[in-house]
file model-v5.txt (compact mmCIF, N, CA, C and O atoms)
# COMPACT_ATOMS: atom_id res chain seq x y z
N MET A 1 101.15 117.48 165.96
CA MET A 1 102.16 117.14 164.99
C MET A 1 101.89 115.72 164.47
O MET A 1 101.65 114.80 165.23
N ARG A 2 101.95 115.55 163.20
CA ARG A 2 101.69 114.26 162.57
C ARG A 2 103.02 113.65 162.11
O ARG A 2 103.78 114.28 161.40
N LEU A 3 103.26 112.40 162.53
CA LEU A 3 104.50 111.72 162.16
C LEU A 3 104.28 110.79 160.98
O LEU A 3 103.23 110.17 160.86
N SER A 4 105.28 110.69 160.14
CA SER A 4 105.19 109.77 159.01
C SER A 4 105.40 108.34 159.50
O SER A 4 105.91 108.11 160.61
N LEU A 5 105.04 107.39 158.68
CA LEU A 5 105.25 105.99 159.04
C LEU A 5 106.73 105.69 159.22
O LEU A 5 107.12 104.96 160.13
N THR A 6 107.57 106.29 158.41
CA THR A 6 109.01 106.07 158.52
C THR A 6 109.54 106.57 159.87
O THR A 6 110.30 105.88 160.55
N THR A 7 109.10 107.75 160.27
CA THR A 7 109.54 108.32 161.54
C THR A 7 109.00 107.49 162.70
O THR A 7 109.73 107.19 163.65
N THR A 8 107.74 107.10 162.61
CA THR A 8 107.13 106.30 163.67
C THR A 8 107.87 104.97 163.80
O THR A 8 108.16 104.51 164.91
N ASN A 9 108.17 104.34 162.68
CA ASN A 9 108.88 103.06 162.70
C ASN A 9 110.27 103.22 163.31
O ASN A 9 110.71 102.39 164.10
N ALA A 10 110.97 104.29 162.95
CA ALA A 10 112.31 104.51 163.49
C ALA A 10 112.26 104.68 165.01
O ALA A 10 113.09 104.11 165.73
N CYS A 11 111.30 105.44 165.50
CA CYS A 11 111.16 105.64 166.95
C CYS A 11 110.79 104.33 167.64
O CYS A 11 111.33 104.00 168.70
N ALA A 12 109.88 103.57 167.04
CA ALA A 12 109.45 102.30 167.63
C ALA A 12 110.60 101.30 167.69
O ALA A 12 110.74 100.57 168.67
N ARG A 13 111.43 101.27 166.64
CA ARG A 13 112.58 100.36 166.62
C ARG A 13 113.50 100.62 167.80
O ARG A 13 113.93 99.69 168.48
N VAL A 14 113.80 101.89 168.03
CA VAL A 14 114.73 102.26 169.10
C VAL A 14 114.14 101.89 170.46
O VAL A 14 114.84 101.41 171.35
N LEU A 15 112.84 102.08 170.62
CA LEU A 15 112.20 101.79 171.91
C LEU A 15 111.96 100.29 172.13
O LEU A 15 112.05 99.82 173.25
N ALA A 16 111.65 99.55 171.07
CA ALA A 16 111.22 98.17 171.24
C ALA A 16 112.31 97.13 171.07
O ALA A 16 112.19 96.03 171.60
N LEU A 17 113.37 97.46 170.35
CA LEU A 17 114.38 96.45 170.03
C LEU A 17 115.72 96.76 170.69
O LEU A 17 116.06 97.92 170.92
N PRO A 18 116.49 95.71 170.97
CA PRO A 18 117.86 95.95 171.45
C PRO A 18 118.67 96.64 170.36
O PRO A 18 118.34 96.50 169.17
N PRO A 19 119.71 97.39 170.71
CA PRO A 19 120.46 98.18 169.72
C PRO A 19 120.93 97.39 168.50
O PRO A 19 120.84 97.87 167.37
N GLU A 20 121.43 96.16 168.70
CA GLU A 20 121.94 95.40 167.55
C GLU A 20 120.82 95.00 166.58
O GLU A 20 121.04 94.87 165.38
N LYS A 21 119.62 94.83 167.08
CA LYS A 21 118.49 94.49 166.20
C LYS A 21 117.85 95.74 165.60
O LYS A 21 117.35 95.70 164.49
N ALA A 22 117.85 96.83 166.34
CA ALA A 22 117.24 98.07 165.85
C ALA A 22 117.95 98.60 164.62
O ALA A 22 117.33 99.26 163.78
N THR A 23 119.24 98.30 164.49
CA THR A 23 120.00 98.80 163.34
C THR A 23 120.14 97.75 162.23
O THR A 23 120.78 98.01 161.22
N SER A 24 119.54 96.58 162.41
CA SER A 24 119.66 95.52 161.40
C SER A 24 118.82 95.85 160.17
O SER A 24 117.84 96.59 160.25
N PRO A 25 119.19 95.30 159.02
CA PRO A 25 118.41 95.54 157.79
C PRO A 25 116.95 95.08 157.91
O PRO A 25 116.06 95.69 157.35
N ARG A 26 116.72 94.01 158.65
CA ARG A 26 115.36 93.52 158.81
C ARG A 26 114.45 94.53 159.49
O ARG A 26 113.27 94.61 159.17
N ALA A 27 114.98 95.25 160.43
CA ALA A 27 114.16 96.20 161.18
C ALA A 27 113.90 97.48 160.40
O ALA A 27 113.01 98.24 160.75
N ARG A 28 114.65 97.74 159.35
CA ARG A 28 114.52 98.99 158.61
C ARG A 28 113.23 99.11 157.83
O ARG A 28 112.66 100.18 157.75
N ARG A 29 112.78 98.02 157.21
CA ARG A 29 111.62 98.13 156.32
C ARG A 29 110.57 97.07 156.66
O ARG A 29 110.60 95.98 156.13
N PRO A 30 109.63 97.42 157.54
CA PRO A 30 108.62 96.43 157.92
C PRO A 30 107.74 95.99 156.75
O PRO A 30 107.20 94.89 156.77
N TYR A 31 107.63 96.82 155.72
CA TYR A 31 106.80 96.45 154.57
C TYR A 31 107.34 95.20 153.88
O TYR A 31 106.60 94.42 153.32
N ASP A 32 108.66 95.00 153.94
CA ASP A 32 109.26 93.81 153.33
C ASP A 32 108.74 92.53 153.96
O ASP A 32 108.70 91.48 153.32
N LEU A 33 108.36 92.58 155.20
CA LEU A 33 107.86 91.39 155.89
C LEU A 33 106.43 91.05 155.48
O LEU A 33 105.95 89.95 155.73
N ARG A 34 105.76 91.98 154.84
CA ARG A 34 104.38 91.77 154.41
C ARG A 34 104.27 90.60 153.45
O ARG A 34 103.40 89.74 153.58
N SER A 35 105.17 90.54 152.50
CA SER A 35 105.17 89.46 151.52
C SER A 35 105.39 88.11 152.20
O SER A 35 104.73 87.12 151.87
N THR A 36 106.30 88.09 153.16
CA THR A 36 106.56 86.86 153.90
C THR A 36 105.32 86.43 154.66
O THR A 36 104.96 85.25 154.68
N CYS A 37 104.65 87.38 155.26
CA CYS A 37 103.43 87.09 156.02
C CYS A 37 102.34 86.51 155.11
O CYS A 37 101.72 85.49 155.42
N ILE A 38 102.13 87.13 153.96
CA ILE A 38 101.12 86.66 153.01
C ILE A 38 101.47 85.24 152.54
O ILE A 38 100.61 84.36 152.50
N THR A 39 102.73 85.01 152.23
CA THR A 39 103.17 83.68 151.82
C THR A 39 102.89 82.65 152.91
O THR A 39 102.38 81.56 152.64
N ASN A 40 103.22 82.99 154.14
CA ASN A 40 102.98 82.06 155.26
C ASN A 40 101.50 81.78 155.45
O ASN A 40 101.11 80.64 155.72
N TRP A 41 100.66 82.79 155.33
CA TRP A 41 99.21 82.58 155.46
C TRP A 41 98.71 81.63 154.39
O TRP A 41 97.91 80.73 154.67
N LEU A 42 99.16 81.83 153.15
CA LEU A 42 98.71 80.97 152.05
C LEU A 42 99.19 79.54 152.26
O LEU A 42 98.43 78.58 152.06
N ARG A 43 100.42 79.37 152.66
CA ARG A 43 100.96 78.02 152.89
C ARG A 43 100.32 77.35 154.09
O ARG A 43 100.29 76.12 154.17
N ALA A 44 99.81 78.15 155.03
CA ALA A 44 99.11 77.59 156.19
C ALA A 44 97.71 77.13 155.84
O ALA A 44 97.05 76.48 156.64
N GLY A 45 97.26 77.49 154.64
CA GLY A 45 95.95 77.01 154.20
C GLY A 45 94.81 78.01 154.32
O GLY A 45 93.66 77.64 154.11
N LEU A 46 95.10 79.26 154.67
CA LEU A 46 94.03 80.25 154.73
C LEU A 46 93.45 80.45 153.35
O LEU A 46 94.17 80.44 152.35
N PRO A 47 92.14 80.65 153.26
CA PRO A 47 91.53 80.90 151.96
C PRO A 47 92.07 82.20 151.35
O PRO A 47 92.37 83.16 152.07
N VAL A 48 92.19 82.22 150.05
CA VAL A 48 92.74 83.38 149.34
C VAL A 48 91.93 84.64 149.67
O VAL A 48 92.50 85.71 149.88
N ALA A 49 90.61 84.50 149.73
CA ALA A 49 89.77 85.67 150.03
C ALA A 49 90.10 86.25 151.41
O ALA A 49 90.14 87.48 151.58
N GLU A 50 90.37 85.40 152.38
CA GLU A 50 90.71 85.87 153.73
C GLU A 50 92.08 86.52 153.75
O GLU A 50 92.29 87.56 154.38
N VAL A 51 93.03 85.93 153.06
CA VAL A 51 94.37 86.52 152.97
C VAL A 51 94.28 87.89 152.31
O VAL A 51 94.89 88.86 152.77
N ALA A 52 93.51 87.97 151.23
CA ALA A 52 93.35 89.25 150.52
C ALA A 52 92.74 90.30 151.44
O ALA A 52 93.19 91.45 151.47
N ARG A 53 91.73 89.91 152.20
CA ARG A 53 91.07 90.87 153.11
C ARG A 53 92.06 91.38 154.15
O ARG A 53 92.15 92.58 154.39
N ARG A 54 92.79 90.47 154.75
CA ARG A 54 93.74 90.87 155.80
C ARG A 54 94.89 91.70 155.25
O ARG A 54 95.41 92.57 155.92
N ALA A 55 95.31 91.41 154.01
CA ALA A 55 96.44 92.12 153.41
C ALA A 55 96.01 93.43 152.76
O ALA A 55 96.85 94.23 152.36
N GLY A 56 94.70 93.63 152.60
CA GLY A 56 94.22 94.85 151.96
C GLY A 56 94.34 94.80 150.45
O GLY A 56 94.55 95.82 149.80
N ASN A 57 94.23 93.60 149.89
CA ASN A 57 94.30 93.40 148.44
C ASN A 57 93.03 92.71 147.97
O ASN A 57 92.23 92.25 148.76
N SER A 58 92.93 92.58 146.67
CA SER A 58 91.85 91.78 146.10
C SER A 58 92.38 90.35 145.92
O SER A 58 93.59 90.15 145.81
N PRO A 59 91.48 89.37 145.86
CA PRO A 59 91.93 88.00 145.59
C PRO A 59 92.69 87.90 144.27
O PRO A 59 93.62 87.10 144.14
N GLU A 60 92.33 88.72 143.28
CA GLU A 60 93.02 88.70 142.00
C GLU A 60 94.49 89.06 142.16
O GLU A 60 95.37 88.46 141.54
N VAL A 61 94.78 90.06 142.99
CA VAL A 61 96.17 90.48 143.23
C VAL A 61 96.93 89.36 143.93
O VAL A 61 98.09 89.07 143.58
N ILE A 62 96.30 88.71 144.89
CA ILE A 62 96.96 87.60 145.59
C ILE A 62 97.28 86.48 144.59
O ILE A 62 98.39 85.96 144.57
N HIS A 63 96.31 86.13 143.75
CA HIS A 63 96.55 85.07 142.75
C HIS A 63 97.68 85.46 141.80
O HIS A 63 98.53 84.63 141.49
N ARG A 64 97.69 86.70 141.37
CA ARG A 64 98.69 87.14 140.40
C ARG A 64 100.10 87.14 141.00
O ARG A 64 101.06 86.73 140.37
N ASN A 65 100.23 87.58 142.25
CA ASN A 65 101.55 87.76 142.85
C ASN A 65 102.06 86.57 143.65
O ASN A 65 103.25 86.49 143.96
N TYR A 66 101.16 85.66 144.03
CA TYR A 66 101.57 84.55 144.90
C TYR A 66 101.19 83.20 144.30
O TYR A 66 100.93 82.24 145.01
N THR A 67 101.18 83.11 142.97
CA THR A 67 100.81 81.87 142.29
C THR A 67 101.67 80.71 142.74
O THR A 67 101.18 79.60 142.91
N GLY A 68 102.95 80.94 142.95
CA GLY A 68 103.85 79.87 143.37
C GLY A 68 103.44 79.24 144.68
O GLY A 68 103.53 78.03 144.86
N CYS A 69 102.96 80.04 145.60
CA CYS A 69 102.51 79.51 146.89
C CYS A 69 101.24 78.69 146.72
O CYS A 69 101.05 77.68 147.39
N LEU A 70 100.39 79.13 145.82
CA LEU A 70 99.12 78.44 145.62
C LEU A 70 99.33 77.15 144.85
O LEU A 70 98.70 76.14 145.14
N ASP A 71 100.21 77.15 143.86
CA ASP A 71 100.45 75.95 143.06
C ASP A 71 101.10 74.85 143.87
O ASP A 71 100.89 73.67 143.61
N ASP A 72 101.91 75.21 144.85
CA ASP A 72 102.58 74.21 145.68
C ASP A 72 101.60 73.40 146.52
O ASP A 72 101.93 72.35 147.02
N SER A 73 100.39 73.89 146.67
CA SER A 73 99.44 73.24 147.57
C SER A 73 98.43 72.36 146.85
O SER A 73 97.45 71.94 147.44
N GLU A 74 98.66 72.02 145.59
CA GLU A 74 97.70 71.23 144.84
C GLU A 74 97.45 69.87 145.49
O GLU A 74 96.31 69.43 145.61
N GLY A 75 98.51 69.20 145.92
CA GLY A 75 98.34 67.90 146.57
C GLY A 75 97.52 68.01 147.84
O GLY A 75 96.63 67.19 148.10
N GLU A 76 97.81 69.02 148.62
CA GLU A 76 97.04 69.24 149.86
C GLU A 76 95.59 69.57 149.56
O GLU A 76 94.68 69.09 150.23
N ASN A 77 95.36 70.39 148.54
CA ASN A 77 93.99 70.72 148.17
C ASN A 77 93.23 69.49 147.70
O ASN A 77 92.05 69.30 148.04
N ASN A 78 93.88 68.62 146.93
CA ASN A 78 93.25 67.38 146.49
C ASN A 78 92.87 66.51 147.69
O ASN A 78 91.80 65.90 147.72
N ARG A 79 93.75 66.45 148.67
CA ARG A 79 93.47 65.68 149.89
C ARG A 79 92.24 66.24 150.61
O ARG A 79 91.38 65.49 151.06
N LYS A 80 92.14 67.57 150.70
CA LYS A 80 90.99 68.19 151.35
C LYS A 80 89.70 67.90 150.60
O LYS A 80 88.66 67.66 151.21
N ILE A 81 89.77 67.92 149.28
CA ILE A 81 88.58 67.63 148.47
C ILE A 81 88.13 66.19 148.69
O ILE A 81 86.94 65.91 148.88
N GLU A 82 89.07 65.27 148.69
CA GLU A 82 88.75 63.86 148.93
C GLU A 82 88.14 63.66 150.31
O GLU A 82 87.17 62.93 150.48
N GLN A 83 88.71 64.33 151.30
CA GLN A 83 88.19 64.22 152.66
C GLN A 83 86.77 64.76 152.74
O GLN A 83 85.89 64.15 153.34
N ALA A 84 86.52 65.90 152.10
CA ALA A 84 85.17 66.48 152.10
C ALA A 84 84.19 65.55 151.38
O ALA A 84 83.04 65.39 151.81
N ALA A 85 84.63 64.92 150.30
CA ALA A 85 83.76 64.01 149.56
C ALA A 85 83.41 62.80 150.42
O ALA A 85 82.26 62.35 150.43
N ARG A 86 84.37 62.28 151.16
CA ARG A 86 84.09 61.15 152.05
C ARG A 86 83.09 61.53 153.13
O ARG A 86 82.17 60.78 153.44
N LEU A 87 83.27 62.72 153.70
CA LEU A 87 82.34 63.18 154.73
C LEU A 87 80.93 63.36 154.16
O LEU A 87 79.95 63.02 154.81
N THR A 88 80.84 63.90 152.95
CA THR A 88 79.54 64.11 152.33
C THR A 88 78.85 62.78 152.04
O THR A 88 77.67 62.62 152.30
N ARG A 89 79.61 61.80 151.53
CA ARG A 89 79.02 60.49 151.25
C ARG A 89 78.52 59.85 152.54
O ARG A 89 77.45 59.26 152.59
N GLY A 90 79.28 59.98 153.61
CA GLY A 90 78.88 59.42 154.91
C GLY A 90 77.65 60.11 155.47
O GLY A 90 76.77 59.47 156.03
N ALA A 91 77.55 61.42 155.28
CA ALA A 91 76.40 62.18 155.80
C ALA A 91 75.13 61.85 155.04
O ALA A 91 74.04 61.83 155.60
N ARG A 92 75.25 61.58 153.74
CA ARG A 92 74.07 61.25 152.93
C ARG A 92 73.45 59.93 153.35
O ARG A 92 72.26 59.75 153.29
N ARG A 93 74.31 58.98 153.72
CA ARG A 93 73.79 57.67 154.12
C ARG A 93 72.92 57.81 155.34
O ARG A 93 71.81 57.32 155.38
N GLY A 94 73.44 58.48 156.35
CA GLY A 94 72.68 58.69 157.57
C GLY A 94 72.38 57.38 158.28
O GLY A 94 72.68 56.30 157.79
N PRO A 95 71.74 57.47 159.44
CA PRO A 95 71.41 56.25 160.18
C PRO A 95 70.34 55.45 159.45
O PRO A 95 69.41 56.00 158.88
N GLY A 96 70.48 54.14 159.45
CA GLY A 96 69.48 53.27 158.85
C GLY A 96 69.59 53.15 157.34
O GLY A 96 68.78 52.52 156.71
N ARG A 97 70.59 53.78 156.74
CA ARG A 97 70.77 53.70 155.28
C ARG A 97 71.92 52.76 154.98
O ARG A 97 72.88 52.66 155.73
N ARG A 98 71.85 52.10 153.85
CA ARG A 98 72.91 51.19 153.43
C ARG A 98 73.75 51.88 152.37
O ARG A 98 73.39 52.91 151.84
N ARG A 99 74.86 51.28 152.01
CA ARG A 99 75.83 51.86 151.09
C ARG A 99 75.20 52.27 149.76
O ARG A 99 75.48 53.31 149.22
N GLY A 100 74.31 51.49 149.20
CA GLY A 100 73.69 51.81 147.92
C GLY A 100 72.57 52.84 148.04
O GLY A 100 71.98 53.23 147.06
N GLY A 101 72.24 53.28 149.23
CA GLY A 101 71.19 54.27 149.42
C GLY A 101 69.83 53.66 149.70
O GLY A 101 68.88 54.35 150.00
N GLU A 102 69.73 52.31 149.63
CA GLU A 102 68.44 51.68 149.86
C GLU A 102 68.14 51.62 151.35
O GLU A 102 69.03 51.57 152.18
N LYS A 103 66.85 51.67 151.68
CA LYS A 103 66.43 51.59 153.07
C LYS A 103 66.43 50.12 153.49
O LYS A 103 66.20 49.24 152.68
N PRO A 104 66.70 49.86 154.77
CA PRO A 104 66.65 48.48 155.22
C PRO A 104 65.22 47.92 155.10
O PRO A 104 64.26 48.64 155.27
N VAL A 105 65.12 46.66 154.79
CA VAL A 105 63.81 46.01 154.66
C VAL A 105 63.31 45.68 156.06
O VAL A 105 64.02 45.10 156.87
N ARG A 106 62.07 46.05 156.32
CA ARG A 106 61.49 45.77 157.62
C ARG A 106 60.25 44.91 157.43
O ARG A 106 59.52 45.02 156.47
N GLY A 107 60.02 44.08 158.41
CA GLY A 107 58.85 43.24 158.38
C GLY A 107 57.60 44.04 158.73
O GLY A 107 57.65 45.21 159.10
N ALA A 108 56.46 43.40 158.63
CA ALA A 108 55.19 44.06 158.94
C ALA A 108 55.13 44.51 160.38
O ALA A 108 54.44 45.48 160.70
N ASP A 109 55.83 43.80 161.26
CA ASP A 109 55.81 44.17 162.67
C ASP A 109 56.86 45.22 163.02
O ASP A 109 57.03 45.57 164.18
N GLY A 110 57.58 45.74 162.01
CA GLY A 110 58.57 46.81 162.25
C GLY A 110 59.95 46.29 162.56
O GLY A 110 60.86 47.05 162.79
N THR A 111 60.13 44.97 162.59
CA THR A 111 61.48 44.43 162.85
C THR A 111 62.17 44.21 161.53
O THR A 111 61.55 44.03 160.50
N GLY A 112 63.45 44.21 161.55
CA GLY A 112 64.13 44.05 160.28
C GLY A 112 65.23 43.13 160.39
O GLY A 112 66.03 42.77 159.75

call {"tool": "encode", "arguments": {"input": "model-v5.txt", "output": "structure tokens"}}
result
Amino acid sequence: MRLSLTTTNACARVLALPPEKATSPRARRPYDLRSTCITNWLRAGLPVAEVARRAGNSPEVIHRNYTGCLDDSEGENNRKIEQAARLTRGARRGPGRRRGGEKPVRGADGTG
């Protein structure tokens, strides 16, 4: 016998939740929580592609339906870009390099 998602959810609610919670509006439709979950993932900073994969959508659908969540994070995204730029500038210098990119001057005997 194959049970529908609605029937399975109803049985699971009765088994897993106390009576006052099993009959609450929140427990009736688990699909409603999906949007909340996607919003929380986006606000937590997960990449849109990863959120889309986990939610079973395309990134285009996530962008179209959750633009408000993405727009709120512009300041945070700018901070991440600045941080990445600082790390990249520091990595390019490497050991023995100066701020302008020039190599330290060394004497003929290798001392500098």

call {"tool": "residues_around", "arguments": {"input": "model-v5.txt", "residues": "A:Ile62", "least_positions_apart": "3", "cutoff": "8 Å", "atoms": "only C-alpha atoms", "output": "number ranges by chain"}}
result
A: 48, 51-52, 57-59, 65-67

call {"tool": "axis_aligned_box", "arguments": {"input": "model-v5.txt", "around": "stretch 9-18 of chain A", "padding_each_side": "5 Å", "output": "JSON"}}
result
{"center_x": 113.4, "center_y": 100.7, "center_z": 168.0, "size_x": 20.5, "size_y": 19.9, "size_z": 20.6}

call {"tool": "atom_distance", "arguments": {"input": "model-v5.txt", "atom1": "atom C of A:Trp41", "atom2": "atom O of A:Lys21"}}
result
25.4 Å

call {"tool": "select_by_dssp", "arguments": {"input": "model-v5.txt", "residues": "stretch 2-93 of chain A", "states": "alpha helix (DSSP H)", "output": "ChimeraX atom specification"}}
result
/A:5-16,19-22,25-28,32-43,48-55,59-65,67-71,74-93

call {"tool": "atom_distance", "arguments": {"input": "model-v5.txt", "atom1": "atom CA of A:Arg54", "atom2": "atom CA of A:Arg34"}}
result
10.8 Å

call {"tool": "build_atoms", "arguments": {"input": "model-v5.txt", "residues": "stretch 75-85 of chain A", "atoms": "all heavy atoms", "output": "PDB file, in the coordinates of the input"}}
result
ATOM      1  N   GLY A  75      98.510  69.200 145.920  1.00  0.00           N
ATOM      2  CA  GLY A  75      98.340  67.900 146.570  1.00  0.00           C
ATOM      3  C   GLY A  75      97.520  68.010 147.840  1.00  0.00           C
ATOM      4  O   GLY A  75      96.630  67.190 148.100  1.00  0.00           O
ATOM      5  N   GLU A  76      97.810  69.020 148.620  1.00  0.00           N
ATOM      6  CA  GLU A  76      97.040  69.240 149.860  1.00  0.00           C
ATOM      7  C   GLU A  76      95.590  69.570 149.560  1.00  0.00           C
ATOM      8  O   GLU A  76      94.680  69.090 150.230  1.00  0.00           O
ATOM      9  CB  GLU A  76      97.701  70.372 150.664  1.00  0.00           C
ATOM     10  CG  GLU A  76      96.977  70.723 151.941  1.00  0.00           C
ATOM     11  CD  GLU A  76      97.009  69.625 152.992  1.00  0.00           C
ATOM     12  OE1 GLU A  76      97.830  68.700 152.880  1.00  0.00           O
ATOM     13  OE2 GLU A  76      96.197  69.684 153.931  1.00  0.00           O
ATOM     14  N   ASN A  77      95.360  70.390 148.540  1.00  0.00           N
ATOM     15  CA  ASN A  77      93.990  70.720 148.170  1.00  0.00           C
ATOM     16  C   ASN A  77      93.230  69.490 147.700  1.00  0.00           C
ATOM     17  O   ASN A  77      92.050  69.300 148.040  1.00  0.00           O
ATOM     18  CB  ASN A  77      93.971  71.797 147.082  1.00  0.00           C
ATOM     19  CG  ASN A  77      94.437  73.131 147.595  1.00  0.00           C
ATOM     20  OD1 ASN A  77      94.392  73.392 148.790  1.00  0.00           O
ATOM     21  ND2 ASN A  77      94.902  73.982 146.702  1.00  0.00           N
ATOM     22  N   ASN A  78      93.880  68.620 146.930  1.00  0.00           N
ATOM     23  CA  ASN A  78      93.250  67.380 146.490  1.00  0.00           C
ATOM     24  C   ASN A  78      92.870  66.510 147.690  1.00  0.00           C
ATOM     25  O   ASN A  78      91.800  65.900 147.720  1.00  0.00           O
ATOM     26  CB  ASN A  78      94.159  66.602 145.546  1.00  0.00           C
ATOM     27  CG  ASN A  78      94.263  67.265 144.200  1.00  0.00           C
ATOM     28  OD1 ASN A  78      93.435  68.098 143.829  1.00  0.00           O
ATOM     29  ND2 ASN A  78      95.297  66.913 143.455  1.00  0.00           N
ATOM     30  N   ARG A  79      93.750  66.450 148.670  1.00  0.00           N
ATOM     31  CA  ARG A  79      93.470  65.680 149.890  1.00  0.00           C
ATOM     32  C   ARG A  79      92.240  66.240 150.610  1.00  0.00           C
ATOM     33  O   ARG A  79      91.380  65.490 151.060  1.00  0.00           O
ATOM     34  CB  ARG A  79      94.678  65.696 150.816  1.00  0.00           C
ATOM     35  CG  ARG A  79      94.529  64.753 152.012  1.00  0.00           C
ATOM     36  CD  ARG A  79      95.608  64.983 153.052  1.00  0.00           C
ATOM     37  NE  ARG A  79      95.572  66.309 153.636  1.00  0.00           N
ATOM     38  CZ  ARG A  79      94.656  66.727 154.519  1.00  0.00           C
ATOM     39  NH1 ARG A  79      93.696  65.942 154.903  1.00  0.00           N
ATOM     40  NH2 ARG A  79      94.709  67.954 155.007  1.00  0.00           N
ATOM     41  N   LYS A  80      92.140  67.570 150.700  1.00  0.00           N
ATOM     42  CA  LYS A  80      90.990  68.190 151.350  1.00  0.00           C
ATOM     43  C   LYS A  80      89.700  67.900 150.600  1.00  0.00           C
ATOM     44  O   LYS A  80      88.660  67.660 151.210  1.00  0.00           O
ATOM     45  CB  LYS A  80      91.205  69.711 151.465  1.00  0.00           C
ATOM     46  CG  LYS A  80      92.257  70.099 152.463  1.00  0.00           C
ATOM     47  CD  LYS A  80      92.457  71.604 152.465  1.00  0.00           C
ATOM     48  CE  LYS A  80      93.544  72.028 153.406  1.00  0.00           C
ATOM     49  NZ  LYS A  80      93.769  73.473 153.376  1.00  0.00           N
ATOM     50  N   ILE A  81      89.770  67.920 149.280  1.00  0.00           N
ATOM     51  CA  ILE A  81      88.580  67.630 148.470  1.00  0.00           C
ATOM     52  C   ILE A  81      88.130  66.190 148.690  1.00  0.00           C
ATOM     53  O   ILE A  81      86.940  65.910 148.880  1.00  0.00           O
ATOM     54  CB  ILE A  81      88.862  67.900 146.976  1.00  0.00           C
ATOM     55  CG1 ILE A  81      88.994  69.401 146.745  1.00  0.00           C
ATOM     56  CG2 ILE A  81      87.775  67.304 146.089  1.00  0.00           C
ATOM     57  CD1 ILE A  81      89.538  69.775 145.383  1.00  0.00           C
ATOM     58  N   GLU A  82      89.070  65.270 148.690  1.00  0.00           N
ATOM     59  CA  GLU A  82      88.750  63.860 148.930  1.00  0.00           C
ATOM     60  C   GLU A  82      88.140  63.660 150.310  1.00  0.00           C
ATOM     61  O   GLU A  82      87.170  62.930 150.480  1.00  0.00           O
ATOM     62  CB  GLU A  82      89.995  62.981 148.771  1.00  0.00           C
ATOM     63  CG  GLU A  82      90.444  62.813 147.350  1.00  0.00           C
ATOM     64  CD  GLU A  82      89.404  62.099 146.500  1.00  0.00           C
ATOM     65  OE1 GLU A  82      88.757  61.156 146.996  1.00  0.00           O
ATOM     66  OE2 GLU A  82      89.225  62.493 145.339  1.00  0.00           O
ATOM     67  N   GLN A  83      88.710  64.330 151.300  1.00  0.00           N
ATOM     68  CA  GLN A  83      88.190  64.220 152.660  1.00  0.00           C
ATOM     69  C   GLN A  83      86.770  64.760 152.740  1.00  0.00           C
ATOM     70  O   GLN A  83      85.890  64.150 153.340  1.00  0.00           O
ATOM     71  CB  GLN A  83      89.099  64.977 153.629  1.00  0.00           C
ATOM     72  CG  GLN A  83      88.660  64.856 155.067  1.00  0.00           C
ATOM     73  CD  GLN A  83      89.591  65.609 156.009  1.00  0.00           C
ATOM     74  OE1 GLN A  83      90.435  66.384 155.572  1.00  0.00           O
ATOM     75  NE2 GLN A  83      89.435  65.393 157.285  1.00  0.00           N
ATOM     76  N   ALA A  84      86.520  65.900 152.100  1.00  0.00           N
ATOM     77  CA  ALA A  84      85.170  66.480 152.100  1.00  0.00           C
ATOM     78  C   ALA A  84      84.190  65.550 151.380  1.00  0.00           C
ATOM     79  O   ALA A  84      83.040  65.390 151.810  1.00  0.00           O
ATOM     80  CB  ALA A  84      85.187  67.854 151.442  1.00  0.00           C
ATOM     81  N   ALA A  85      84.630  64.920 150.300  1.00  0.00           N
ATOM     82  CA  ALA A  85      83.760  64.010 149.560  1.00  0.00           C
ATOM     83  C   ALA A  85      83.410  62.800 150.420  1.00  0.00           C
ATOM     84  O   ALA A  85      82.260  62.350 150.430  1.00  0.00           O
ATOM     85  CB  ALA A  85      84.439  63.566 148.264  1.00  0.00           C
TER      86      ALA A  85
END
